[in-house]
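> Contents of my_file32.tsv (TSV, C-alpha atoms):
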```tsv
chain	number	residue	atom	x	y	z
Y	6	MET	CA	112.91	40.89	-36.09
Y	7	ARG	CA	115.71	41.18	-33.58
Y	8	ASP	CA	115.17	42.41	-30.03
Y	9	LEU	CA	117.19	45.62	-30.05
Y	10	PHE	CA	117.31	46.10	-26.30
Y	11	ARG	CA	117.69	42.62	-24.84
Y	12	GLY	CA	120.93	40.59	-24.86
Y	13	LYS	CA	121.98	37.40	-23.09
Y	14	LEU	CA	122.91	39.03	-19.77
Y	15	VAL	CA	121.68	42.62	-19.93
Y	16	ARG	CA	119.10	44.93	-21.40
Y	17	LEU	CA	119.36	48.56	-22.50
Y	18	THR	CA	117.04	50.89	-20.62
Y	19	PHE	CA	116.29	54.53	-20.04
Y	20	GLU	CA	116.63	55.55	-16.39
Y	21	GLU	CA	115.26	58.72	-14.82
Y	22	PRO	CA	117.82	61.49	-14.14
Y	23	GLU	CA	117.43	60.95	-10.40
Y	24	ALA	CA	118.29	57.24	-10.62
Y	25	ARG	CA	121.24	57.98	-12.90
Y	26	ALA	CA	122.53	60.68	-10.57
Y	27	LYS	CA	122.30	58.37	-7.55
Y	28	ALA	CA	124.18	55.63	-9.43
Y	29	GLU	CA	126.83	58.10	-10.62
Y	30	VAL	CA	127.44	59.41	-7.08
Y	31	ARG	CA	128.17	55.80	-6.08
Y	32	TRP	CA	130.30	55.02	-9.16
Y	33	GLN	CA	132.42	58.20	-9.10
Y	34	ARG	CA	133.87	57.18	-5.71
Y	35	ASP	CA	135.61	54.32	-7.51
Y	36	THR	CA	138.62	56.06	-9.07
Y	37	GLU	CA	139.77	52.82	-10.71
Y	38	PHE	CA	136.49	52.85	-12.60
Y	39	HIS	CA	136.93	56.50	-13.52
Y	40	ARG	CA	140.52	56.07	-14.70
Y	41	LEU	CA	139.63	53.07	-16.82
Y	42	ALA	CA	136.70	54.86	-18.44
Y	43	ASP	CA	137.99	58.42	-18.86
Y	44	SER	CA	141.12	60.49	-19.53
Y	45	ASP	CA	140.00	63.53	-17.51
Y	46	PRO	CA	141.05	63.98	-13.89
Y	47	ALA	CA	138.77	62.21	-11.40
Y	48	GLN	CA	136.47	64.60	-9.56
Y	49	MET	CA	133.44	64.60	-7.30
Y	50	VAL	CA	130.17	66.08	-8.56
Y	51	SER	CA	127.10	66.52	-6.36
Y	52	GLU	CA	123.95	64.47	-6.89
Y	53	LYS	CA	122.09	67.74	-7.53
Y	54	LYS	CA	124.48	68.81	-10.29
Y	55	LEU	CA	124.53	65.33	-11.85
Y	56	LYS	CA	120.74	65.26	-11.86
Y	57	GLU	CA	120.69	68.61	-13.66
Y	58	TRP	CA	123.12	67.25	-16.29
Y	59	PHE	CA	121.07	64.12	-16.83
Y	60	GLU	CA	117.84	66.15	-17.00
Y	61	LYS	CA	119.37	68.32	-19.68
Y	62	GLN	CA	120.57	65.18	-21.46
Y	63	SER	CA	117.09	63.64	-21.25
Y	64	GLU	CA	115.59	66.69	-22.90
Y	65	ILE	CA	117.92	66.31	-25.82
Y	66	GLY	CA	118.02	62.53	-25.43
Y	67	PHE	CA	116.11	61.98	-28.62
Y	68	LYS	CA	117.91	64.49	-30.75
Y	69	PRO	CA	119.73	62.59	-33.46
Y	70	GLU	CA	123.27	63.21	-32.25
Y	71	ARG	CA	123.20	61.49	-28.90
Y	72	TYR	CA	121.83	58.15	-27.73
Y	73	PRO	CA	122.41	57.53	-24.01
Y	74	PHE	CA	121.26	54.27	-22.41
Y	75	SER	CA	121.43	52.71	-19.01
Y	76	VAL	CA	122.06	49.01	-18.59
Y	77	ARG	CA	120.27	46.54	-16.31
Y	78	THR	CA	121.02	42.88	-15.66
Y	79	LEU	CA	118.43	40.38	-16.86
Y	80	ALA	CA	118.96	38.12	-13.83
Y	81	ASP	CA	118.12	40.57	-11.04
Y	82	ASP	CA	117.31	43.84	-12.81
Y	83	ARG	CA	120.25	45.75	-11.32
Y	84	HIS	CA	121.30	49.06	-12.87
Y	85	ILE	CA	125.03	48.37	-13.43
Y	86	ALA	CA	126.31	50.50	-16.30
Y	87	PHE	CA	125.90	53.29	-18.82
Y	88	PHE	CA	126.13	52.89	-22.58
Y	89	ALA	CA	126.09	55.83	-25.00
Y	90	LEU	CA	126.37	56.36	-28.73
Y	91	TRP	CA	127.29	59.68	-30.35
Y	92	LEU	CA	126.19	59.82	-33.94
Y	93	ASP	CA	127.94	61.69	-36.75
Y	94	LEU	CA	125.19	61.71	-39.35
Y	95	ILE	CA	127.29	63.42	-42.00
Y	96	HIS	CA	129.91	60.70	-42.18
Y	97	SER	CA	127.62	57.93	-40.93
Y	98	GLU	CA	129.71	57.01	-37.93
Y	99	ALA	CA	128.87	56.32	-34.27
Y	100	TRP	CA	131.23	56.60	-31.26
Y	101	VAL	CA	130.73	54.39	-28.23
Y	102	GLY	CA	131.08	55.27	-24.54
Y	103	ILE	CA	130.65	52.44	-22.05
Y	104	GLY	CA	131.27	51.95	-18.33
Y	105	ILE	CA	130.28	49.30	-15.81
Y	106	GLY	CA	130.03	51.19	-12.53
Y	107	GLU	CA	129.22	48.13	-10.41
Y	108	ARG	CA	132.61	46.46	-10.27
Y	109	GLU	CA	131.46	42.98	-9.31
Y	110	PHE	CA	130.22	42.76	-12.92
Y	111	TRP	CA	133.68	43.36	-14.43
Y	112	GLY	CA	135.31	40.57	-16.41
Y	113	LYS	CA	132.18	38.40	-16.65
Y	114	GLY	CA	130.95	39.09	-20.15
Y	115	TYR	CA	128.48	41.86	-19.28
Y	116	GLY	CA	130.46	44.51	-21.16
Y	117	THR	CA	130.72	42.33	-24.27
Y	118	ASP	CA	127.00	41.60	-24.12
Y	119	MET	CA	126.08	45.30	-23.93
Y	120	MET	CA	128.56	46.13	-26.69
Y	121	LYS	CA	126.95	43.55	-28.96
Y	122	LEU	CA	123.57	45.19	-28.32
Y	123	GLY	CA	125.13	48.59	-28.98
Y	124	LEU	CA	126.61	47.48	-32.30
Y	125	GLN	CA	123.32	45.92	-33.35
Y	126	TYR	CA	121.56	49.18	-32.51
Y	127	ALA	CA	124.16	51.27	-34.37
Y	128	PHE	CA	124.15	49.12	-37.53
Y	129	THR	CA	120.47	48.16	-37.75
Y	130	GLU	CA	118.68	51.15	-36.20
Y	131	LEU	CA	121.02	54.11	-36.70
Y	132	ASN	CA	122.27	52.46	-39.93
Y	133	VAL	CA	125.82	53.76	-39.67
Y	134	GLN	CA	128.75	52.69	-41.84
Y	135	ARG	CA	131.16	52.33	-38.94
Y	136	VAL	CA	131.39	52.36	-35.14
Y	137	SER	CA	134.44	53.71	-33.30
Y	138	LEU	CA	135.85	53.80	-29.81
Y	139	GLY	CA	138.95	54.70	-27.87
Y	140	LEU	CA	140.49	53.08	-24.80
Y	141	HIS	CA	143.58	53.32	-22.63
Y	142	GLU	CA	146.45	50.86	-23.07
Y	143	TYR	CA	146.27	50.09	-19.32
Y	144	ASN	CA	142.80	48.57	-19.78
Y	145	PRO	CA	143.49	45.10	-21.29
Y	146	ARG	CA	140.15	43.74	-20.03
Y	147	ALA	CA	138.29	46.28	-22.17
Y	148	LEU	CA	140.53	45.51	-25.15
Y	149	ARG	CA	139.68	41.79	-25.01
Y	150	SER	CA	136.00	42.57	-24.71
Y	151	TYR	CA	136.01	44.96	-27.68
Y	152	GLU	CA	137.91	42.45	-29.82
Y	153	LYS	CA	135.33	39.82	-28.93
Y	154	ALA	CA	132.55	42.18	-29.99
Y	155	GLY	CA	134.29	42.55	-33.38
Y	156	PHE	CA	136.32	45.79	-33.14
Y	157	ARG	CA	139.68	45.94	-34.91
Y	158	MET	CA	142.71	47.93	-33.79
Y	159	GLU	CA	143.33	50.97	-36.01
Y	160	GLY	CA	146.29	52.50	-34.22
Y	161	ARG	CA	147.59	54.09	-31.06
Y	162	THR	CA	148.31	57.71	-30.21
Y	163	ARG	CA	151.60	57.45	-28.37
Y	164	GLN	CA	151.85	58.62	-24.77
Y	165	ASP	CA	148.82	60.92	-24.86
Y	166	LEU	CA	147.76	59.94	-21.34
Y	167	MET	CA	149.51	60.56	-18.05
Y	168	ARG	CA	148.64	58.62	-14.93
Y	169	GLU	CA	150.67	58.52	-11.70
Y	170	GLY	CA	153.56	60.26	-13.45
Y	171	LYS	CA	153.81	57.82	-16.36
Y	172	HIS	CA	152.74	58.16	-19.97
Y	173	TYR	CA	150.42	55.69	-21.67
Y	174	ASP	CA	149.03	55.30	-25.20
Y	175	SER	CA	145.42	55.60	-26.30
Y	176	LEU	CA	144.18	52.78	-28.51
Y	177	TRP	CA	141.77	53.48	-31.38
Y	178	MET	CA	139.41	50.79	-32.63
Y	179	GLY	CA	136.73	50.56	-35.28
Y	180	ILE	CA	134.33	48.13	-36.89
Y	181	LEU	CA	132.91	48.55	-40.39
Y	182	ARG	CA	129.37	47.71	-41.39
Y	183	GLU	CA	130.52	44.87	-43.72
Y	184	GLU	CA	132.61	43.37	-40.93
Y	185	TRP	CA	129.69	43.39	-38.54
Y	186	ILE	CA	127.30	41.89	-41.11
Y	187	GLN	CA	129.85	39.16	-41.80
Y	188	MET	CA	129.93	38.38	-38.07
Y	189	GLN	CA	126.16	37.93	-38.15
Y	190	GLY	CA	126.58	35.23	-40.77
Y	191	GLY	CA	126.40	37.63	-43.69
Y	192	ASP	CA	122.64	38.05	-43.63
Y	193	LEU	CA	120.71	40.59	-41.57
Y	194	ASN	CA	117.40	38.86	-42.21
Y	195	GLU	CA	118.25	35.47	-40.69
V	21	MET	CA	169.34	81.28	-21.27
V	22	PHE	CA	166.52	80.05	-23.45
V	23	ASP	CA	165.77	81.39	-26.90
V	24	ILE	CA	163.89	84.48	-25.70
V	25	GLN	CA	164.97	86.61	-28.66
V	26	THR	CA	163.44	84.42	-31.34
V	27	GLN	CA	159.88	85.76	-31.54
V	28	LEU	CA	157.13	83.19	-31.14
V	29	PHE	CA	154.73	84.92	-33.50
V	30	GLU	CA	157.10	86.11	-36.26
V	31	GLY	CA	158.11	83.91	-39.21
V	32	ARG	CA	160.09	84.74	-42.34
V	33	ASP	CA	157.14	85.79	-44.49
V	34	ILE	CA	154.26	85.52	-42.05
V	35	ARG	CA	153.21	86.46	-38.55
V	36	PHE	CA	150.53	85.31	-36.15
V	37	GLY	CA	148.06	87.96	-35.10
V	38	PRO	CA	144.71	88.42	-33.39
V	39	ILE	CA	141.37	88.63	-35.17
V	40	ASP	CA	140.70	91.91	-36.96
V	41	TYR	CA	136.93	92.36	-36.64
V	42	GLU	CA	136.89	95.06	-39.33
V	43	LYS	CA	138.69	93.26	-42.15
V	44	ASP	CA	138.81	89.51	-41.47
V	45	PRO	CA	135.09	88.54	-41.66
V	46	GLU	CA	134.87	89.61	-45.30
V	47	ILE	CA	137.93	87.55	-46.26
V	48	GLU	CA	136.97	84.45	-44.31
V	49	SER	CA	133.46	84.65	-45.75
V	50	LYS	CA	135.10	84.39	-49.19
V	51	TRP	CA	137.01	81.27	-48.10
V	52	THR	CA	133.78	79.59	-46.98
V	53	HIS	CA	132.47	79.99	-50.54
V	54	ASP	CA	135.46	78.02	-51.84
V	55	SER	CA	134.37	74.41	-51.33
V	56	ALA	CA	137.75	73.03	-52.42
V	57	PHE	CA	139.40	74.85	-49.51
V	58	ILE	CA	136.74	74.06	-46.91
V	59	ARG	CA	136.78	70.36	-47.72
V	60	MET	CA	140.50	70.30	-47.10
V	61	TYR	CA	140.23	72.40	-43.94
V	62	GLU	CA	137.12	70.90	-42.32
V	63	ILE	CA	135.46	67.51	-42.04
V	64	ASN	CA	132.16	69.24	-41.29
V	65	PRO	CA	129.97	69.94	-44.31
V	66	ALA	CA	131.10	72.92	-46.38
V	67	ARG	CA	128.63	75.80	-46.30
V	68	PRO	CA	128.94	79.38	-47.44
V	69	LEU	CA	128.79	81.92	-44.60
V	70	SER	CA	128.18	85.67	-44.68
V	71	ALA	CA	130.68	88.10	-43.18
V	72	ALA	CA	128.17	88.83	-40.40
V	73	ILE	CA	127.99	85.15	-39.43
V	74	VAL	CA	131.77	84.82	-39.54
V	75	LYS	CA	131.98	87.81	-37.18
V	76	LYS	CA	129.57	86.11	-34.77
V	77	GLN	CA	131.71	82.97	-34.93
V	78	TYR	CA	134.78	85.03	-33.98
V	79	GLU	CA	132.93	86.37	-30.94
V	80	LYS	CA	131.90	82.87	-29.92
V	81	LEU	CA	135.44	81.65	-30.43
V	82	GLU	CA	137.01	84.41	-28.31
V	83	LYS	CA	134.49	83.69	-25.57
V	84	GLN	CA	135.49	80.02	-25.71
V	85	VAL	CA	139.19	80.94	-25.54
V	86	GLU	CA	138.48	83.00	-22.43
V	87	GLU	CA	136.26	80.48	-20.65
V	88	ASP	CA	137.55	77.03	-21.58
V	89	LYS	CA	141.31	77.70	-21.37
V	90	ASN	CA	142.06	74.89	-23.78
V	91	LEU	CA	142.14	76.73	-27.11
V	92	TYR	CA	144.77	78.99	-28.77
V	93	HIS	CA	143.75	80.69	-31.98
V	94	PHE	CA	145.91	82.69	-34.39
V	95	MET	CA	145.27	84.52	-37.62
V	96	ILE	CA	148.11	84.01	-40.10
V	97	ARG	CA	149.07	87.27	-41.80
V	98	ALA	CA	151.51	88.07	-44.61
V	99	LYS	CA	154.30	90.29	-43.29
V	100	GLU	CA	154.55	92.30	-46.53
V	101	ASP	CA	151.04	93.80	-46.37
V	102	ASP	CA	149.46	92.33	-43.22
V	103	ARG	CA	146.74	90.62	-45.27
V	104	LEU	CA	144.95	87.60	-43.76
V	105	ILE	CA	146.17	84.38	-45.37
V	106	GLY	CA	145.11	81.64	-42.98
V	107	LYS	CA	144.38	80.33	-39.52
V	108	ALA	CA	146.43	78.29	-37.04
V	109	VAL	CA	144.91	76.66	-34.00
V	110	ILE	CA	145.92	74.59	-30.97
V	111	GLN	CA	142.72	73.00	-29.68
V	112	TRP	CA	141.32	70.42	-27.27
V	113	VAL	CA	144.26	70.88	-24.87
V	114	GLU	CA	144.21	68.25	-22.13
V	115	TRP	CA	146.42	69.85	-19.51
V	116	THR	CA	146.73	66.84	-17.22
V	117	ASN	CA	147.81	64.60	-20.10
V	118	GLY	CA	149.92	67.20	-21.92
V	119	ASN	CA	148.17	66.56	-25.23
V	120	ALA	CA	146.53	68.88	-27.79
V	121	TRP	CA	145.51	68.98	-31.44
V	122	VAL	CA	146.89	71.27	-34.17
V	123	HIS	CA	144.82	72.57	-37.02
V	124	LEU	CA	145.80	75.03	-39.73
V	125	GLY	CA	144.92	76.20	-43.22
V	126	ILE	CA	145.93	78.72	-45.87
V	127	GLY	CA	142.68	80.19	-47.17
V	128	SER	CA	143.24	81.67	-50.59
V	129	ALA	CA	144.52	79.62	-53.54
V	130	ASP	CA	146.98	82.45	-54.40
V	131	ASP	CA	148.72	81.99	-51.06
V	132	GLN	CA	148.96	78.21	-51.20
V	133	ARG	CA	152.12	76.31	-52.16
V	134	LYS	CA	154.34	79.23	-51.11
V	135	GLY	CA	155.69	77.70	-47.90
V	136	TYR	CA	153.38	79.75	-45.67
V	137	GLY	CA	151.77	76.61	-44.23
V	138	SER	CA	155.19	75.25	-43.44
V	139	GLN	CA	156.22	78.43	-41.63
V	140	ALA	CA	152.91	78.51	-39.76
V	141	LEU	CA	153.22	74.89	-38.62
V	142	SER	CA	156.78	75.51	-37.50
V	143	MET	CA	155.60	78.42	-35.32
V	144	LEU	CA	152.55	76.55	-34.08
V	145	VAL	CA	154.58	73.51	-33.02
V	146	ARG	CA	157.16	75.68	-31.26
V	147	PHE	CA	154.37	77.54	-29.46
V	148	ALA	CA	152.82	74.24	-28.33
V	149	PHE	CA	156.06	72.69	-27.10
V	150	ALA	CA	158.11	75.68	-25.94
V	151	GLU	CA	155.37	77.97	-24.62
V	152	LEU	CA	152.49	75.67	-23.61
V	153	ASN	CA	155.01	72.98	-22.57
V	154	LEU	CA	152.85	70.22	-24.01
V	155	PHE	CA	154.18	66.68	-24.10
V	156	ARG	CA	152.76	65.75	-27.50
V	157	LEU	CA	150.66	67.05	-30.41
V	158	SER	CA	148.09	65.31	-32.57
V	159	ALA	CA	146.69	66.20	-35.99
V	160	ARG	CA	143.75	64.79	-37.89
V	161	VAL	CA	144.02	64.61	-41.70
V	162	PRO	CA	141.71	63.03	-44.31
V	163	GLU	CA	143.60	60.66	-46.62
V	164	TYR	CA	142.71	62.80	-49.65
V	165	ASN	CA	144.51	65.88	-48.25
V	166	GLU	CA	147.90	65.10	-49.75
V	167	PRO	CA	149.51	68.53	-49.15
V	168	ALA	CA	148.69	68.29	-45.42
V	169	ILE	CA	150.04	64.72	-45.22
V	170	ALA	CA	153.28	65.86	-46.89
V	171	LEU	CA	153.52	68.82	-44.48
V	172	PHE	CA	153.06	66.75	-41.33
V	173	ASN	CA	155.51	64.11	-42.59
V	174	LYS	CA	158.06	66.84	-43.25
V	175	PHE	CA	157.78	67.97	-39.65
V	176	GLY	CA	158.38	64.47	-38.35
V	177	PHE	CA	154.79	63.73	-37.36
V	178	VAL	CA	154.24	59.97	-37.23
V	179	GLU	CA	151.16	58.34	-38.71
V	180	GLU	CA	149.71	56.66	-35.63
V	181	VAL	CA	146.11	55.81	-36.43
V	182	ARG	CA	144.20	55.13	-39.61
V	183	ARG	CA	140.47	55.28	-38.94
V	184	ARG	CA	139.28	53.16	-41.86
V	185	GLN	CA	136.54	54.64	-44.05
V	186	ALA	CA	135.62	57.23	-41.43
V	187	LEU	CA	134.68	59.96	-43.94
V	188	ASP	CA	132.08	60.12	-46.66
V	189	ARG	CA	132.86	62.50	-49.53
V	190	ASP	CA	131.93	62.48	-53.20
V	191	GLY	CA	130.05	59.20	-52.81
V	192	ARG	CA	132.91	57.17	-51.44
V	193	ARG	CA	134.51	56.54	-48.11
V	194	TRP	CA	137.97	57.71	-47.06
V	195	ASP	CA	140.30	57.00	-44.15
V	196	LEU	CA	140.96	59.63	-41.50
V	197	ILE	CA	144.60	59.65	-40.40
V	198	VAL	CA	145.80	60.72	-36.96
V	199	PHE	CA	149.39	62.01	-36.78
V	200	GLY	CA	151.38	62.48	-33.60
V	201	LEU	CA	154.58	64.29	-32.63
V	202	LEU	CA	156.26	64.11	-29.22
V	203	ASN	CA	157.99	67.10	-27.67
V	204	SER	CA	161.16	64.97	-27.35
V	205	GLU	CA	161.06	64.17	-31.08
V	206	TRP	CA	160.68	67.86	-31.90
V	207	GLN	CA	163.61	68.78	-29.64
V	208	ASN	CA	165.80	66.37	-31.62
V	209	GLN	CA	164.80	67.52	-35.08
V	210	ALA	CA	163.61	71.10	-34.61
V	211	LYS	CA	166.73	72.69	-36.06
V	212	PRO	CA	166.90	71.01	-39.49
V	213	VAL	CA	163.19	71.66	-40.06
V	214	LEU	CA	163.50	75.28	-38.98
V	215	SER	CA	166.50	75.90	-41.22
V	216	ALA	CA	164.65	74.25	-44.12
V	217	VAL	CA	161.87	76.77	-43.56
V	218	GLU	CA	164.24	79.69	-43.22
V	219	GLY	CA	166.23	78.59	-46.29
```
Would you put the structure from the file into structure tokens?

Amino acid sequence: MRDLFRGKLVRLTFEEPEARAKAEVRWQRDTEFHRLADSDPAQMVSEKKLKEWFEKQSEIGFKPERYPFSVRTLADDRHIAFFALWLDLIHSEAWVGIGIGEREFWGKGYGTDMMKLGLQYAFTELNVQRVSLGLHEYNPRALRSYEKAGFRMEGRTRQDLMREGKHYDSLWMGILREEWIQMQGGDLNE
Amino acid sequence: MFDIQTQLFEGRDIRFGPIDYEKDPEIESKWTHDSAFIRMYEINPARPLSAAIVKKQYEKLEKQVEEDKNLYHFMIRAKEDDRLIGKAVIQWVEWTNGNAWVHLGIGSADDQRKGYGSQALSMLVRFAFAELNLFRLSARVPEYNEPAIALFNKFGFVEEVRRRQALDRDGRRWDLIVFGLLNSEWQNQAKPVLSAVEG
């Protein structure tokens, strides 16, 4: 059997709301991080409010629709990122949200490693038919990482983002179950 | 002077109106019992709803309109007798990015294929671009909804994304298409489309 939660560089964990809130307070100060990860305006939320959100999320954390994880490095057990899956059971699809808050871990393969774990979880544990994500065209590092993990480009919604007075596209990517199985050598039982 | 005299909510055969809590729940309840319609209108599972539940949904919706400020909801009514024939919605408005999603449907089979959808989309797009001042509009259409695809193509929406096999219906998988239209594109072609509707 595969280890669902342990990759080459990182492992998927569940962190307490307090730890997540503390990390988020640190990460939200980095507006480059925010603007890479989100299309909403950057804003500051208190640790108290964040903790309440994460507590609420933890309560419903094991409802079928939502699977939030935190990510720790294997080398020194640092909490560096969040990883979440939103599951559409009806159409057997999962959406990915991912963000590495600790910026010294950008561009070093950590994101790809957690995405591979996420895809394995989605296809072998949630058993979905496809996994989807969206990203901004001004995030080429993410694009390369997602392509490495096996996502294919499915289109771009033109100029649906505005940053610093300029319009940018959103990119839409997806990977089908067959495509992922093929990447594993065509056999899930190997 | 801008086109202040052309009413935003009046078309040739239809008008946009608010919810009528007395009459509409009964009619929309009927639509929810028509699985052919619901499967074209929604990607959520079709399920029949009572008039009382539909009424509760209206209340929830109006609360959402008031609180979230990112949703505009219209009932489509026939001008001749004011009967409810459909719904037209601008939703998920992202004000800082100038983007939103359109969604519309003509509920009863008797009212379909009469150009009402075309008139409603024309009004909805004008509302989004000329009243909300949005920069672009998106629309999500399953690949099996051919009338909707034809309608969005007619209005110059561009097929931008094809989410492969994103839907499961009748034991097979279908693509989900995302269309997009920019305000600038609408400005350039608004007149021919409008006159086609009027004609």
> Could you please determine the separation between atom CA of Ile197 of chain V and atom CA of Ile169 of chain V in Å, to one decimal place?
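Computed distance, atom CA of Ile197 of chain V to atom CA of Ile169 of chain V, equals 8.9 Å.
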> Would you list the contacts of Gly118 of chain V as a ChimeraX atom specification, taking every protein, DNA or RNA residue within 8 Å and counting all atoms listed in the file, but skipping same-chain residues closer than 3 positions in sequence?
/Y:165-167 /V:113-115,153-156
> Just to confirm, what's the straight-line distance from atom CA of Phe10 of chain Y to atom CA of Ile85 of chain Y in Å (one decimal)?
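Between atom CA of Phe10 of chain Y and atom CA of Ile85 of chain Y the gap works out to 15.2 Å.
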> Quick one: residues within 10 Å of Lys43 of chain V, only C-alpha atoms counted, chain neighbours fewer than 5 positions away excluded, as a list of chain:residue names?
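Returned residues: V:Glu48, V:Ala71, V:Lys75, V:Arg103, V:Leu104.
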> Which residues, written as a ChimeraX atom specification, have at least one atom at most 9 Å from Phe59 of chain Y, with all atoms listed in the file counted and residues fewer than 4 positions away on the same chain left out?
/Y:21-23,25-26,54-55,63-64
> Enumerate, in order of chain and increasing residue number, the residues of segment 69-154 of chain V with an atom no farther than 12 Å from segment 168-192 of chain Y, each with its shortest atom pair and distance in Å to one decimal, counting only C-alpha atoms, as CSV.

```
residue,atom,partner,partner_atom,distance
V:Thr116,CA,Y:Arg168,CA,8.7
V:Asn117,CA,Y:Arg168,CA,7.9
V:Gly118,CA,Y:His172,CA,9.7
V:Asn119,CA,Y:His172,CA,10.9
```
> Given the choices V:Ala140, V:Met21, V:Ala66, V:Ile96, which gets closest to chain Y if the distance is worked out from only C-alpha atoms?
V:Ala66
> Missing atoms in segment 137-143 of chain V: can you complete it with all heavy atoms, as a CSV table (one decimal), in the coordinates of the input?

```
chain,number,residue,atom,x,y,z
V,137,GLY,N,152.3,77.6,-45.1
V,137,GLY,CA,151.8,76.6,-44.2
V,137,GLY,C,152.9,76.0,-43.4
V,137,GLY,O,152.8,75.8,-42.2
V,138,SER,N,154.0,75.8,-44.1
V,138,SER,CA,155.2,75.2,-43.4
V,138,SER,C,155.7,76.2,-42.3
V,138,SER,O,156.0,75.7,-41.2
V,138,SER,CB,156.3,75.0,-44.5
V,138,SER,OG,157.2,74.1,-44.1
V,139,GLN,N,155.8,77.5,-42.6
V,139,GLN,CA,156.2,78.4,-41.6
V,139,GLN,C,155.2,78.5,-40.5
V,139,GLN,O,155.6,78.6,-39.3
V,139,GLN,CB,156.4,79.8,-42.3
V,139,GLN,CG,157.5,79.9,-43.2
V,139,GLN,CD,157.7,81.3,-43.9
V,139,GLN,OE1,157.5,82.3,-43.2
V,139,GLN,NE2,158.0,81.3,-45.2
V,140,ALA,N,153.9,78.4,-40.8
V,140,ALA,CA,152.9,78.5,-39.8
V,140,ALA,C,153.0,77.3,-38.9
V,140,ALA,O,152.9,77.4,-37.6
V,140,ALA,CB,151.5,78.6,-40.4
V,141,LEU,N,153.2,76.1,-39.4
V,141,LEU,CA,153.2,74.9,-38.6
V,141,LEU,C,154.5,74.9,-37.7
V,141,LEU,O,154.4,74.5,-36.6
V,141,LEU,CB,153.2,73.6,-39.5
V,141,LEU,CG,153.2,72.3,-38.7
V,141,LEU,CD1,152.0,72.2,-37.8
V,141,LEU,CD2,153.2,71.1,-39.7
V,142,SER,N,155.6,75.4,-38.3
V,142,SER,CA,156.8,75.5,-37.5
V,142,SER,C,156.6,76.4,-36.3
V,142,SER,O,157.0,76.0,-35.1
V,142,SER,CB,157.9,76.1,-38.4
V,142,SER,OG,159.0,76.5,-37.6
V,143,MET,N,155.9,77.5,-36.4
V,143,MET,CA,155.6,78.4,-35.3
V,143,MET,C,154.6,77.8,-34.3
V,143,MET,O,154.7,78.0,-33.1
V,143,MET,CB,155.1,79.8,-35.9
V,143,MET,CG,156.2,80.6,-36.5
V,143,MET,SD,155.5,81.8,-37.7
V,143,MET,CE,154.6,82.9,-36.7
```
